Amino acid sequence: MSQEPIFIDDYVVSISALNKSFGTNHVLRGIDLEVQRGEVVCIIGPSGSGKSTLLRCVNMLEQPSSGRIVVLGRELTHIDCDIDEARSKIGMVFQQFNLFPHMTALQNVCVAQRKVLKRSASEAEQTGRALLQRVGLGEKADAYPGQLSGGQQQRVAIARALAMNPDVMLFDEATSALDPELVGEVLQVMRSLADEGMTMLVVTHEMGFASNVASRVVFMDGGVIVEQGPPSQVISSPREERTRTFLANVLNH
Amino acid sequence: MAISKRKRAMYTRYAVYALSIAALLAVALLVDWSKLSNAMFRWNLVKEQFPDILTKAAKNTVIFTILGFAGGLTFGLIFALMRLSTIRPYRWLAAIYIEIFRGIPLVVTLLILGFGIPIATGWQWPNAYMQGAVPLALVAAAYMAETIRAGIEAVPKGQMEAARSLGMSYPRAMSTIVIPQALRIIIPPLTNEFVLLIKDTSLISVLGVTAATKDLARFGRDGVNSTANATPLMVAGLVYLAMTLPLTQLVAWMERRAKAAGK
């Protein structure tokens, strides 16, 4: 069986027939999803619906059980694919921030530039400071993660991912671990990224963000994509009963 | 009328104090101190131990300890990483190694490797330091592997995931992100390991020693033989304490600090 990596320029992410099981737990059941350059795709759905697992498959933090994932023309599910090289072009932001606690904010933003992209110390620092500035944390370059609020930590984490000049950004419930008053500052950074044309896959519970920023909303339940479309359709007038029930539970209180 | 619980606790405490003081007094009065100090702590013999006990014996103990610790740390790290590997045969090999070297007494390992191997193969140890330190390091590696593994597992999984998501390879993520954090966690238990090693070097003399490679314990024991007095061993014991007490206090301090930082 010869499977040449395919190159489809329009699609940044192309997922077909993706299945993922944890033991007997069948979490993803035949997902097909394509994301075009510049799209902001928000994935919503009840907990346990498989949306985080789907996102983690896009950069192979979870190994798919079957199916094909093509990101930026690289077929990640192909045995010859250099996953590390591919991941350096896919930024990821985690629910728990996962900043490196033994490094300052600036070192967090610089370490992969140095070790993976082999940038010089001065170039990495320049890029790092500019990015911290950009997420509003220029003053905090020398602070350790433990000295920062959750919202500040998450903004450093976004800067850290951006430092690799990614072509697509994955956000895995980036605001779910934050105190309510800190959610806004992180969403604002995400929104400005979207406005600049970054391709984004966003797993979120923030319906306001999905309504206002997403170019497409994907509703998942039980390991399948139940429906998808522009937010005006999926959030404002969903066709599927399951989507209606979910949105009623999320929005009405 | 029955006495209250708090009163009873108070009387019990007084009784324990009184008994302790009585026991101390009895020892102080009944023991023949001059006879005891004559047999175990004769000042002229104490002075005779110096400077050799420091310049030769303690130096050898330190050399054995450092060689054993450095080797143990290196191989311990390798076995810890093998234990955490996704490749099953690596995990098995490391588990077997750890179980074997933790399950056999150090004296037996010392004798097998120090004497048995040369007899069986005709190969000779290049020097007495290697002959003693290599078996010590191999046993230390088994214990340290488990300590290091626990430290690596204590680093949250998200750290590895974040590093990998930035494009770092597994070895790169381990060495720059996970292991530096694991080391911080395991410095207190590794220091304890170091203290145990200092004491374990006293077993190396079962391999036979020359005047130049005597460790502290052997030095004290030979001193007992030549002086027919326990003083040299008492002095050796005090020199051990002079090395181990600062380290155990250091561990206690680090643990207090970690506890305070955790609040």
# chains A, B, ... in the order shown; residues from 1 in each chain; ligands from 1
call {"tool": "interface_residues", "arguments": {"of": "chain B", "to": "chain A", "cutoff": "12 Å", "atoms": "only C-alpha atoms", "output": "ChimeraX atom specification"}}
result
/B:155-173,175-185,261-262
call {"tool": "closest_residue", "arguments": {"among": "A:Val189, A:Leu28, A:Ile69, A:Leu76", "to": "Ser52 in chain A", "atoms": "only C-alpha atoms"}}
result
A:Leu28
call {"tool": "atom_distance", "arguments": {"atom1": "CA of Leu247 in chain A", "atom2": "CA of Ile235 in chain A"}}
result
7.3 Å
call {"tool": "residues_around", "arguments": {"residues": "Val202 in chain A", "least_positions_apart": "6", "cutoff": "9 Å", "atoms": "only C-alpha atoms", "output": "short mmCIF file (atom, residue, chain, number, x, y, z; two decimals) with N, CA, C and O atoms, in the first residue's frame"}}
result
data_model
loop_
_atom_site.label_atom_id
_atom_site.label_comp_id
_atom_site.auth_asym_id
_atom_site.auth_seq_id
_atom_site.Cartn_x
_atom_site.Cartn_y
_atom_site.Cartn_z
N VAL A 40 -11.92 30.31 11.55
CA VAL A 40 -11.94 30.09 13.00
C VAL A 40 -13.07 29.12 13.27
O VAL A 40 -14.25 29.46 13.12
N VAL A 41 -12.71 27.89 13.61
CA VAL A 41 -13.71 26.85 13.84
C VAL A 41 -13.85 26.62 15.33
O VAL A 41 -12.89 26.24 15.99
N CYS A 42 -15.04 26.87 15.87
CA CYS A 42 -15.29 26.60 17.28
C CYS A 42 -15.98 25.26 17.41
O CYS A 42 -16.99 25.00 16.74
N ILE A 43 -15.42 24.41 18.26
CA ILE A 43 -16.02 23.10 18.49
C ILE A 43 -16.72 23.15 19.84
O ILE A 43 -16.07 23.42 20.87
N ILE A 44 -18.03 22.92 19.83
CA ILE A 44 -18.79 22.94 21.08
C ILE A 44 -19.45 21.59 21.28
O ILE A 44 -19.51 20.77 20.35
N LEU A 55 -9.36 17.55 19.09
CA LEU A 55 -8.35 18.60 18.98
C LEU A 55 -6.95 18.02 19.21
O LEU A 55 -6.01 18.36 18.51
N MET A 169 -3.59 27.42 15.04
CA MET A 169 -3.56 27.39 16.50
C MET A 169 -4.72 26.54 17.02
O MET A 169 -5.86 26.68 16.57
N LEU A 170 -4.40 25.69 18.00
CA LEU A 170 -5.42 24.86 18.64
C LEU A 170 -5.63 25.38 20.07
O LEU A 170 -4.66 25.55 20.81
N PHE A 171 -6.88 25.62 20.42
CA PHE A 171 -7.18 26.08 21.78
C PHE A 171 -8.06 25.04 22.46
O PHE A 171 -9.20 24.81 22.04
N ASP A 172 -7.52 24.40 23.51
CA ASP A 172 -8.27 23.33 24.17
C ASP A 172 -8.88 23.88 25.47
O ASP A 172 -8.24 23.86 26.51
N GLU A 173 -10.09 24.37 25.39
CA GLU A 173 -10.78 24.96 26.55
C GLU A 173 -9.88 25.95 27.28
O GLU A 173 -9.68 25.86 28.49
N ALA A 174 -9.35 26.90 26.52
CA ALA A 174 -8.31 27.79 27.04
C ALA A 174 -8.78 28.66 28.19
O ALA A 174 -7.95 29.18 28.94
N ALA A 210 -17.96 32.03 20.47
CA ALA A 210 -18.31 31.23 19.29
C ALA A 210 -19.25 32.04 18.37
O ALA A 210 -19.07 32.07 17.15
N ALA A 214 -16.40 33.02 15.61
CA ALA A 214 -16.25 31.83 14.78
C ALA A 214 -16.73 32.08 13.35
O ALA A 214 -17.72 32.78 13.14
#
call {"tool": "closest_residue", "arguments": {"among": "B:Gly132, B:Gly237, B:Gly208, B:Pro118", "to": "Ile66 in chain B", "atoms": "only C-alpha atoms"}}
result
B:Gly132
call {"tool": "residues_around", "arguments": {"residues": "Ser205 in chain B", "least_positions_apart": "5", "cutoff": "8 Å", "atoms": "only C-alpha atoms", "output": "VMD selection string"}}
result
chain B and resid 214 to 215 218
call {"tool": "closest_residue", "arguments": {"among": "A:Leu193, A:Thr104, A:Asp167, A:Ser47", "to": "Gly223 in chain A", "atoms": "only C-alpha atoms"}}
result
A:Ser47
call {"tool": "atom_distance", "arguments": {"atom1": "CA of Gln36 in chain A", "atom2": "CA of Val13 in chain A"}}
result
7.0 Å
